[in-house]
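The structure file upload32.cif is reproduced below (mmCIF, C-alpha atoms).
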data_run
loop_
_atom_site.label_atom_id
_atom_site.label_comp_id
_atom_site.auth_asym_id
_atom_site.auth_seq_id
_atom_site.Cartn_x
_atom_site.Cartn_y
_atom_site.Cartn_z
CA MET A 1 -22.21 44.50 40.94
CA LYS A 2 -22.63 40.96 42.15
CA ILE A 3 -23.30 38.79 39.12
CA LEU A 4 -24.30 35.15 39.13
CA VAL A 5 -22.88 33.27 36.14
CA THR A 6 -24.08 29.74 35.44
CA GLY A 7 -21.75 27.53 33.44
CA ALA A 8 -18.76 29.34 34.98
CA ALA A 9 -16.37 26.51 34.04
CA GLY A 10 -17.62 26.52 30.45
CA PHE A 11 -16.06 28.05 27.37
CA ILE A 12 -18.06 31.29 27.37
CA GLY A 13 -18.82 31.36 31.10
CA SER A 14 -15.20 31.22 32.22
CA THR A 15 -14.11 33.94 29.80
CA LEU A 16 -17.03 36.15 30.81
CA SER A 17 -16.34 35.59 34.52
CA LEU A 18 -12.72 36.61 34.04
CA ARG A 19 -13.73 39.84 32.26
CA LEU A 20 -16.27 40.72 34.96
CA LEU A 21 -13.76 40.10 37.74
CA GLU A 22 -11.14 42.18 35.96
CA ARG A 23 -13.49 45.16 35.88
CA GLY A 24 -14.24 44.83 39.60
CA ASP A 25 -17.52 42.91 39.73
CA GLU A 26 -18.14 40.06 42.16
CA VAL A 27 -18.94 36.76 40.42
CA VAL A 28 -20.84 33.83 41.87
CA GLY A 29 -19.96 31.02 39.47
CA ILE A 30 -22.20 27.96 39.21
CA ASP A 31 -21.09 24.78 37.46
CA ASN A 32 -21.53 21.04 37.99
CA LEU A 33 -18.33 20.05 36.14
CA ASN A 34 -20.13 17.26 34.31
CA ASP A 35 -18.20 14.90 32.06
CA TYR A 36 -19.81 15.81 28.72
CA TYR A 37 -16.23 16.67 27.80
CA ASP A 38 -12.81 16.76 29.51
CA VAL A 39 -13.30 17.83 33.14
CA LYS A 40 -9.62 18.79 33.41
CA LEU A 41 -10.16 21.51 30.82
CA LYS A 42 -13.07 22.86 32.86
CA GLN A 43 -10.95 22.82 36.01
CA ALA A 44 -8.17 24.67 34.19
CA ARG A 45 -10.64 27.33 33.09
CA LEU A 46 -11.87 27.70 36.66
CA ALA A 47 -8.31 28.09 37.88
CA ARG A 48 -8.11 31.36 35.92
CA THR A 49 -10.92 32.91 37.96
CA SER A 50 -10.33 31.23 41.32
CA ASN A 51 -7.37 33.52 42.03
CA TYR A 52 -9.72 36.49 42.36
CA ASP A 53 -11.11 37.30 45.81
CA GLY A 54 -14.38 38.35 44.17
CA PHE A 55 -15.05 34.87 42.77
CA THR A 56 -17.26 32.35 44.57
CA ASP A 57 -17.22 28.80 43.20
CA VAL A 58 -20.54 26.95 43.61
CA ARG A 59 -20.83 23.31 42.53
CA ILE A 60 -24.44 22.43 41.81
CA ASN A 61 -26.81 21.14 39.10
CA LEU A 62 -29.26 23.70 37.74
CA GLU A 63 -32.05 21.14 38.03
CA ASP A 64 -31.54 20.96 41.83
CA ARG A 65 -34.56 23.11 42.74
CA ASP A 66 -33.90 23.49 46.46
CA GLY A 67 -30.18 23.94 45.99
CA MET A 68 -30.63 26.68 43.38
CA ALA A 69 -33.18 28.47 45.55
CA GLN A 70 -30.66 28.45 48.40
CA VAL A 71 -27.89 29.86 46.17
CA PHE A 72 -30.11 32.78 45.17
CA ARG A 73 -31.23 33.43 48.75
CA GLN A 74 -27.67 33.30 50.08
CA HIS A 75 -25.91 35.40 47.44
CA ARG A 76 -28.67 37.77 46.28
CA PRO A 77 -27.06 38.61 42.91
CA HIS A 78 -27.90 41.92 41.24
CA ARG A 79 -27.84 40.37 37.78
CA VAL A 80 -27.64 36.88 36.31
CA VAL A 81 -26.07 35.43 33.16
CA ASN A 82 -27.31 31.92 32.38
CA LEU A 83 -24.77 30.13 30.18
CA ALA A 84 -25.11 26.64 31.65
CA ALA A 85 -26.79 24.29 29.20
CA GLN A 86 -26.49 20.86 27.74
CA ALA A 87 -24.83 21.82 24.47
CA GLY A 88 -24.41 20.05 21.16
CA VAL A 89 -26.85 19.41 18.33
CA ARG A 90 -25.78 15.85 17.55
CA TYR A 91 -25.64 14.81 21.21
CA SER A 92 -29.30 15.81 21.56
CA LEU A 93 -30.25 13.01 19.15
CA GLU A 94 -28.70 10.47 21.53
CA ASN A 95 -29.47 11.93 24.97
CA PRO A 96 -32.67 13.99 24.79
CA HIS A 97 -33.37 13.82 28.53
CA ALA A 98 -30.15 15.69 29.32
CA TYR A 99 -31.54 18.69 27.42
CA VAL A 100 -34.86 18.60 29.23
CA ASP A 101 -33.14 18.39 32.64
CA THR A 102 -30.67 21.24 32.20
CA ASN A 103 -32.14 23.47 29.51
CA LEU A 104 -35.78 23.35 30.62
CA VAL A 105 -35.99 22.28 34.28
CA GLY A 106 -32.73 24.04 35.13
CA PHE A 107 -33.74 27.22 33.35
CA THR A 108 -37.03 27.26 35.24
CA ASN A 109 -35.06 27.21 38.50
CA VAL A 110 -32.98 30.16 37.28
CA LEU A 111 -36.12 32.11 36.36
CA GLU A 112 -37.67 31.37 39.75
CA GLY A 113 -34.49 32.43 41.53
CA CYS A 114 -34.50 35.72 39.66
CA ARG A 115 -38.20 36.29 40.28
CA HIS A 116 -38.08 35.76 44.03
CA ASN A 117 -34.83 37.58 44.77
CA GLY A 118 -35.16 40.94 43.06
CA VAL A 119 -32.72 40.28 40.21
CA GLU A 120 -32.40 43.40 38.04
CA HIS A 121 -31.66 41.66 34.74
CA LEU A 122 -31.39 38.09 33.46
CA VAL A 123 -29.26 37.55 30.37
CA TYR A 124 -29.35 34.03 28.95
CA ALA A 125 -27.76 32.10 26.12
CA SER A 126 -29.95 31.14 23.23
CA SER A 127 -28.46 29.87 19.96
CA SER A 128 -28.39 30.38 16.22
CA SER A 129 -29.77 26.84 16.11
CA VAL A 130 -33.25 28.25 16.80
CA TYR A 131 -33.43 29.39 13.17
CA GLY A 132 -33.74 25.74 12.18
CA ALA A 133 -35.34 25.32 8.78
CA ASN A 134 -35.20 29.07 8.02
CA THR A 135 -33.35 29.86 4.80
CA ASN A 136 -33.91 33.63 4.63
CA MET A 137 -30.42 35.11 5.13
CA PRO A 138 -29.13 36.83 7.16
CA PHE A 139 -31.06 35.43 10.13
CA SER A 140 -32.96 38.20 11.89
CA VAL A 141 -34.29 38.17 15.46
CA HIS A 142 -37.51 39.53 13.96
CA ASP A 143 -38.01 36.35 11.89
CA ASN A 144 -40.32 33.51 12.88
CA VAL A 145 -38.37 30.59 14.41
CA ASP A 146 -41.04 27.94 14.84
CA HIS A 147 -39.30 25.16 12.90
CA PRO A 148 -36.32 23.84 14.93
CA VAL A 149 -34.53 20.80 13.52
CA SER A 150 -33.02 19.43 16.77
CA LEU A 151 -34.12 19.07 20.37
CA TYR A 152 -31.22 21.31 21.38
CA ALA A 153 -32.64 24.07 19.17
CA ALA A 154 -36.15 23.45 20.49
CA SER A 155 -34.91 23.76 24.09
CA LYS A 156 -33.29 27.11 23.29
CA LYS A 157 -36.45 28.39 21.63
CA ALA A 158 -38.33 27.21 24.72
CA ASN A 159 -35.97 29.28 26.89
CA GLU A 160 -36.93 32.39 24.95
CA LEU A 161 -40.62 31.67 25.43
CA MET A 162 -40.17 30.93 29.13
CA ALA A 163 -38.19 34.13 29.64
CA HIS A 164 -40.87 36.17 27.91
CA THR A 165 -43.51 34.70 30.21
CA TYR A 166 -41.57 35.83 33.29
CA SER A 167 -40.93 39.25 31.75
CA HIS A 168 -44.66 39.58 31.07
CA LEU A 169 -46.03 38.20 34.33
CA TYR A 170 -43.43 39.44 36.82
CA ARG A 171 -41.78 42.33 34.90
CA LEU A 172 -38.44 40.53 35.16
CA PRO A 173 -36.13 42.14 32.58
CA THR A 174 -34.71 39.37 30.36
CA THR A 175 -32.44 39.41 27.32
CA GLY A 176 -31.78 36.35 25.16
CA LEU A 177 -28.61 36.12 23.08
CA ARG A 178 -28.47 33.94 19.99
CA PHE A 179 -24.80 32.98 19.70
CA PHE A 180 -23.37 32.02 16.31
CA THR A 181 -20.68 29.27 16.27
CA VAL A 182 -18.37 30.49 19.02
CA TYR A 183 -14.68 29.56 18.72
CA GLY A 184 -11.31 30.55 20.16
CA PRO A 185 -8.88 29.78 23.01
CA TRP A 186 -10.23 27.57 25.82
CA GLY A 187 -12.93 26.27 23.44
CA ARG A 188 -15.02 23.14 23.61
CA PRO A 189 -13.35 19.86 22.54
CA ASP A 190 -16.56 18.67 20.83
CA MET A 191 -16.56 21.56 18.37
CA ALA A 192 -15.07 21.52 14.89
CA LEU A 193 -11.99 23.70 15.42
CA PHE A 194 -10.81 21.64 18.41
CA LEU A 195 -11.53 18.32 16.69
CA PHE A 196 -9.86 19.40 13.45
CA THR A 197 -6.74 20.67 15.23
CA ARG A 198 -6.31 17.52 17.29
CA ASN A 199 -6.71 15.20 14.30
CA ILE A 200 -4.52 17.20 11.92
CA LEU A 201 -1.66 17.31 14.43
CA ALA A 202 -2.10 13.56 15.04
CA GLY A 203 -2.04 12.83 11.30
CA GLU A 204 -5.61 11.53 11.42
CA PRO A 205 -8.42 12.39 8.97
CA ILE A 206 -11.03 14.99 9.87
CA ASP A 207 -14.76 14.44 9.35
CA VAL A 208 -16.15 17.17 7.10
CA PHE A 209 -19.96 17.07 7.04
CA ASN A 210 -22.22 18.17 4.21
CA TYR A 211 -19.21 17.49 1.96
CA GLY A 212 -17.68 20.76 3.15
CA LYS A 213 -20.55 22.88 1.85
CA HIS A 214 -21.38 24.42 5.22
CA ARG A 215 -21.18 28.18 5.74
CA ARG A 216 -20.92 29.37 9.31
CA ASP A 217 -20.91 32.77 10.97
CA PHE A 218 -17.88 31.88 13.13
CA THR A 219 -17.73 34.30 16.08
CA TYR A 220 -14.63 34.79 18.21
CA ILE A 221 -14.95 34.24 21.95
CA GLU A 222 -13.80 37.73 23.00
CA ASP A 223 -16.35 39.29 20.63
CA ILE A 224 -19.09 37.16 22.18
CA VAL A 225 -18.11 38.17 25.70
CA GLU A 226 -17.93 41.86 24.82
CA GLY A 227 -21.46 41.58 23.45
CA VAL A 228 -22.69 39.81 26.59
CA ILE A 229 -21.24 42.49 28.87
CA ARG A 230 -22.74 45.34 26.86
CA VAL A 231 -26.14 43.66 26.95
CA LEU A 232 -25.83 42.86 30.67
CA ASP A 233 -25.20 46.53 31.44
CA ARG A 234 -28.33 47.68 29.57
CA ILE A 235 -31.59 46.63 31.20
CA PRO A 236 -34.31 46.14 28.57
CA GLU A 237 -37.49 48.16 28.61
CA PRO A 238 -40.90 47.49 27.05
CA ASN A 239 -41.28 48.43 23.40
CA PRO A 240 -44.05 51.08 23.30
CA GLU A 241 -44.60 50.44 19.60
CA TRP A 242 -45.17 46.69 19.99
CA SER A 243 -48.50 45.51 18.60
CA GLY A 244 -50.31 42.21 18.92
CA ASP A 245 -51.70 42.77 15.44
CA ALA A 246 -48.19 42.51 13.99
CA PRO A 247 -46.14 40.94 16.80
CA ASP A 248 -42.39 41.48 16.76
CA SER A 249 -40.52 38.37 17.94
CA ALA A 250 -37.54 40.30 19.31
CA THR A 251 -39.35 42.78 21.58
CA SER A 252 -42.50 43.00 23.68
CA THR A 253 -44.75 45.12 25.84
CA ALA A 254 -42.71 43.43 28.60
CA PRO A 255 -39.05 44.24 29.42
CA TYR A 256 -37.80 41.59 26.98
CA ARG A 257 -35.25 41.58 24.16
CA LEU A 258 -33.52 39.18 21.80
CA TYR A 259 -30.23 39.80 19.99
CA ASN A 260 -28.01 37.92 17.58
CA ILE A 261 -24.30 37.95 18.40
CA GLY A 262 -22.50 36.81 15.28
CA ASN A 263 -19.61 37.90 13.11
CA ASN A 264 -21.99 38.98 10.31
CA GLN A 265 -19.49 37.49 7.83
CA PRO A 266 -20.21 33.82 7.08
CA THR A 267 -17.21 31.72 6.10
CA ASP A 268 -17.15 28.59 3.96
CA LEU A 269 -16.17 25.58 6.05
CA MET A 270 -13.46 24.66 3.55
CA ARG A 271 -11.94 28.14 3.94
CA TYR A 272 -12.06 27.73 7.72
CA ILE A 273 -10.13 24.47 7.37
CA GLU A 274 -7.68 26.12 4.97
CA VAL A 275 -6.93 28.87 7.51
CA LEU A 276 -6.37 26.21 10.18
CA GLU A 277 -4.02 24.29 7.89
CA GLU A 278 -2.02 27.48 7.30
CA CYS A 279 -1.75 28.14 11.04
CA LEU A 280 -0.71 24.55 11.79
CA GLY A 281 1.61 24.30 8.78
CA LYS A 282 0.08 20.94 7.99
CA GLN A 283 -2.52 19.67 5.52
CA ALA A 284 -5.67 17.88 6.58
CA GLU A 285 -6.85 14.56 5.25
CA LYS A 286 -10.57 15.11 4.74
CA ASN A 287 -13.26 12.50 5.21
CA LEU A 288 -16.22 14.02 3.32
CA LEU A 289 -19.58 13.02 4.79
CA PRO A 290 -23.26 13.92 4.21
CA LEU A 291 -25.24 16.49 6.21
CA GLN A 292 -25.92 15.20 9.71
CA PRO A 293 -29.44 15.06 11.18
CA GLY A 294 -30.16 18.23 13.14
CA ASP A 295 -27.53 20.32 11.36
CA VAL A 296 -28.32 23.35 9.20
CA PRO A 297 -26.24 24.06 6.08
CA ASP A 298 -25.64 27.78 6.68
CA THR A 299 -25.78 30.42 9.40
CA TYR A 300 -25.51 34.18 8.96
CA ALA A 301 -26.35 36.71 11.68
CA ASP A 302 -28.17 39.98 11.15
CA VAL A 303 -26.70 42.09 13.98
CA ALA A 304 -28.44 45.39 13.14
CA ASP A 305 -30.25 45.50 16.50
CA LEU A 306 -27.04 44.85 18.43
CA VAL A 307 -25.35 47.69 16.56
CA ALA A 308 -28.31 50.05 17.01
CA ASP A 309 -28.87 49.38 20.72
CA MET A 310 -25.37 48.56 21.96
CA GLY A 311 -23.15 50.34 19.45
CA TYR A 312 -21.27 47.09 19.01
CA LYS A 313 -20.48 44.62 16.25
CA PRO A 314 -18.04 41.67 16.40
CA GLN A 315 -14.87 42.45 14.44
CA THR A 316 -12.33 39.60 14.80
CA SER A 317 -11.46 37.93 11.49
CA VAL A 318 -11.40 34.15 11.15
CA GLU A 319 -7.71 34.40 10.24
CA GLN A 320 -6.85 36.16 13.51
CA GLY A 321 -9.21 34.11 15.65
CA VAL A 322 -7.97 30.73 14.39
CA ALA A 323 -4.36 31.84 14.81
CA ASN A 324 -5.09 32.78 18.43
CA PHE A 325 -6.73 29.40 19.04
CA VAL A 326 -3.79 27.48 17.55
CA ALA A 327 -1.31 29.45 19.70
CA TRP A 328 -3.37 28.62 22.79
CA TYR A 329 -3.68 24.93 21.79
CA HIS A 330 0.10 24.58 21.38
CA ASP A 331 0.66 26.24 24.75
CA TYR A 332 -2.02 24.32 26.64
CA PHE A 333 -1.23 20.86 25.28
CA GLY A 334 2.49 21.41 24.70
CA GLN A 335 2.35 20.18 21.13
#

Mind turning this structure into structure tokens?
Amino acid sequence: MKILVTGAAGFIGSTLSLRLLERGDEVVGIDNLNDYYDVKLKQARLARTSNYDGFTDVRINLEDRDGMAQVFRQHRPHRVVNLAAQAGVRYSLENPHAYVDTNLVGFTNVLEGCRHNGVEHLVYASSSSVYGANTNMPFSVHDNVDHPVSLYAASKKANELMAHTYSHLYRLPTTGLRFFTVYGPWGRPDMALFLFTRNILAGEPIDVFNYGKHRRDFTYIEDIVEGVIRVLDRIPEPNPEWSGDAPDSATSTAPYRLYNIGNNQPTDLMRYIEVLEECLGKQAEKNLLPLQPGDVPDTYADVADLVADMGYKPQTSVEQGVANFVAWYHDYFGQ
């Protein structure tokens, strides 16, 4: 197949593109290489896929309406995976317009491109952040998620609503994936594992929010990508049992689905740090801080639907995943 992947220089997008190319798909990779974090890391990720003849590198902003329309017309992808987004909960408190531009305007351009060019299936990244103020654990895609606690989360919830509208009006098959704290080699420098590793090796303190009382469903990058591919290969169909009298958030009378992709095994943040310390052979100096605005204390994914429909459940332990990240970090940075 020819698959358009947005965010192809990103953490998940580059790893997904590589897997698709390895199995023989063509990949049209869109990215704008913005400077939200180290552009050299993004370029190094792209270098992994650029060696494949089946990879086309397109440099464009999602919010460029005419440019995106031209990309769709020119390449006519069979399926699309939208992973490009302005990420980060805390950053959304400082730069809200960036989230509107990419996550709302940009996503509209993706939906329009799919609608007008016969795309078979749109898979897009949502986030565990949509659960917001929910405290009923584990988080289920069938739960109400109307109380986001950051603009980032609100933009991801909006993506789900927008996708449903296109599934309903134009019968465009769409699947939203709520990712739970993705980590691993080639990860994002603004995320905890990267920040902790850098500071511990430099002998600097690490900032531990909520006084270390977070619990996160840390999900390894390869497990995320395997889930994305399985979902991409299965086009959603309408749920014949759906009822407006008791509406199910995760399905519809339209070809629309939502899934959690999480490890289904939440880990205490302090344990996560302990595993990292063991892998680095060095103790961390911890700067304990209160819960940050926009953060949620705990995440825990109910993946029953993913197991039932895709026959798949993430399996990588935090111990193995962190060890893999540390090995990559030493190799990439030479320290």

**Request:** Tell me which protein, DNA and RNA residues are within 9 Å of region 127-132 of chain A, counting all atoms listed in the file, leaving out same-chain ones fewer than 2 positions away, and put them as a PyMOL selection string.
**Result:** chain A and resi 89+125+134-135+139-140+143-150+152-157+176-181+260-262+294-296+299-301

Those same residues - C-alpha atoms - I'd like them written as a PDB file, keeping the file's coordinate frame.
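Result file again-v2.pdb:
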ATOM      1  CA  VAL A  89     -26.850  19.410  18.330  1.00  0.00           C
ATOM      2  CA  ALA A 125     -27.760  32.100  26.120  1.00  0.00           C
ATOM      3  CA  ASN A 134     -35.200  29.070   8.020  1.00  0.00           C
ATOM      4  CA  THR A 135     -33.350  29.860   4.800  1.00  0.00           C
ATOM      5  CA  PHE A 139     -31.060  35.430  10.130  1.00  0.00           C
ATOM      6  CA  SER A 140     -32.960  38.200  11.890  1.00  0.00           C
ATOM      7  CA  ASP A 143     -38.010  36.350  11.890  1.00  0.00           C
ATOM      8  CA  ASN A 144     -40.320  33.510  12.880  1.00  0.00           C
ATOM      9  CA  VAL A 145     -38.370  30.590  14.410  1.00  0.00           C
ATOM     10  CA  ASP A 146     -41.040  27.940  14.840  1.00  0.00           C
ATOM     11  CA  HIS A 147     -39.300  25.160  12.900  1.00  0.00           C
ATOM     12  CA  PRO A 148     -36.320  23.840  14.930  1.00  0.00           C
ATOM     13  CA  VAL A 149     -34.530  20.800  13.520  1.00  0.00           C
ATOM     14  CA  SER A 150     -33.020  19.430  16.770  1.00  0.00           C
ATOM     15  CA  TYR A 152     -31.220  21.310  21.380  1.00  0.00           C
ATOM     16  CA  ALA A 153     -32.640  24.070  19.170  1.00  0.00           C
ATOM     17  CA  ALA A 154     -36.150  23.450  20.490  1.00  0.00           C
ATOM     18  CA  SER A 155     -34.910  23.760  24.090  1.00  0.00           C
ATOM     19  CA  LYS A 156     -33.290  27.110  23.290  1.00  0.00           C
ATOM     20  CA  LYS A 157     -36.450  28.390  21.630  1.00  0.00           C
ATOM     21  CA  GLY A 176     -31.780  36.350  25.160  1.00  0.00           C
ATOM     22  CA  LEU A 177     -28.610  36.120  23.080  1.00  0.00           C
ATOM     23  CA  ARG A 178     -28.470  33.940  19.990  1.00  0.00           C
ATOM     24  CA  PHE A 179     -24.800  32.980  19.700  1.00  0.00           C
ATOM     25  CA  PHE A 180     -23.370  32.020  16.310  1.00  0.00           C
ATOM     26  CA  THR A 181     -20.680  29.270  16.270  1.00  0.00           C
ATOM     27  CA  ASN A 260     -28.010  37.920  17.580  1.00  0.00           C
ATOM     28  CA  ILE A 261     -24.300  37.950  18.400  1.00  0.00           C
ATOM     29  CA  GLY A 262     -22.500  36.810  15.280  1.00  0.00           C
ATOM     30  CA  GLY A 294     -30.160  18.230  13.140  1.00  0.00           C
ATOM     31  CA  ASP A 295     -27.530  20.320  11.360  1.00  0.00           C
ATOM     32  CA  VAL A 296     -28.320  23.350   9.200  1.00  0.00           C
ATOM     33  CA  THR A 299     -25.780  30.420   9.400  1.00  0.00           C
ATOM     34  CA  TYR A 300     -25.510  34.180   8.960  1.00  0.00           C
ATOM     35  CA  ALA A 301     -26.350  36.710  11.680  1.00  0.00           C
TER      36      ALA A 301
END

**Complete:** Min atom-atom distance to Leu41 (chain A) from the set A:Thr267, A:Asn109, A:Ser167, A:Ser14, counting only C-alpha atoms, belongs to A:Ser14

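If you count all atoms listed in the file and ignore residues fewer than 5 places along the chain from Leu306 (chain A), what sits within 12 Å of it is Ser140, Val141, Thr175, Gly176, Leu177, Arg178, Ile224, Glu226, Gly227, Val228, Arg230, Val231, Arg234, Ala250, Arg257, Leu258, Tyr259, Asn260, Ile261, Gly262, Asn263, Asn264, Ala301, Gly311, Tyr312, Lys313 and Pro314 of chain A.
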
**Residue nearest Asp66 (chain A) - candidates A:Ala327, A:Ala304, A:Ala284, A:Val110, atoms counted: all atoms listed in the file** = A:Val110

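Across the model, the gap from CA of Asn239 (chain A) to CA of Thr251 (chain A) is 6.2 Å.
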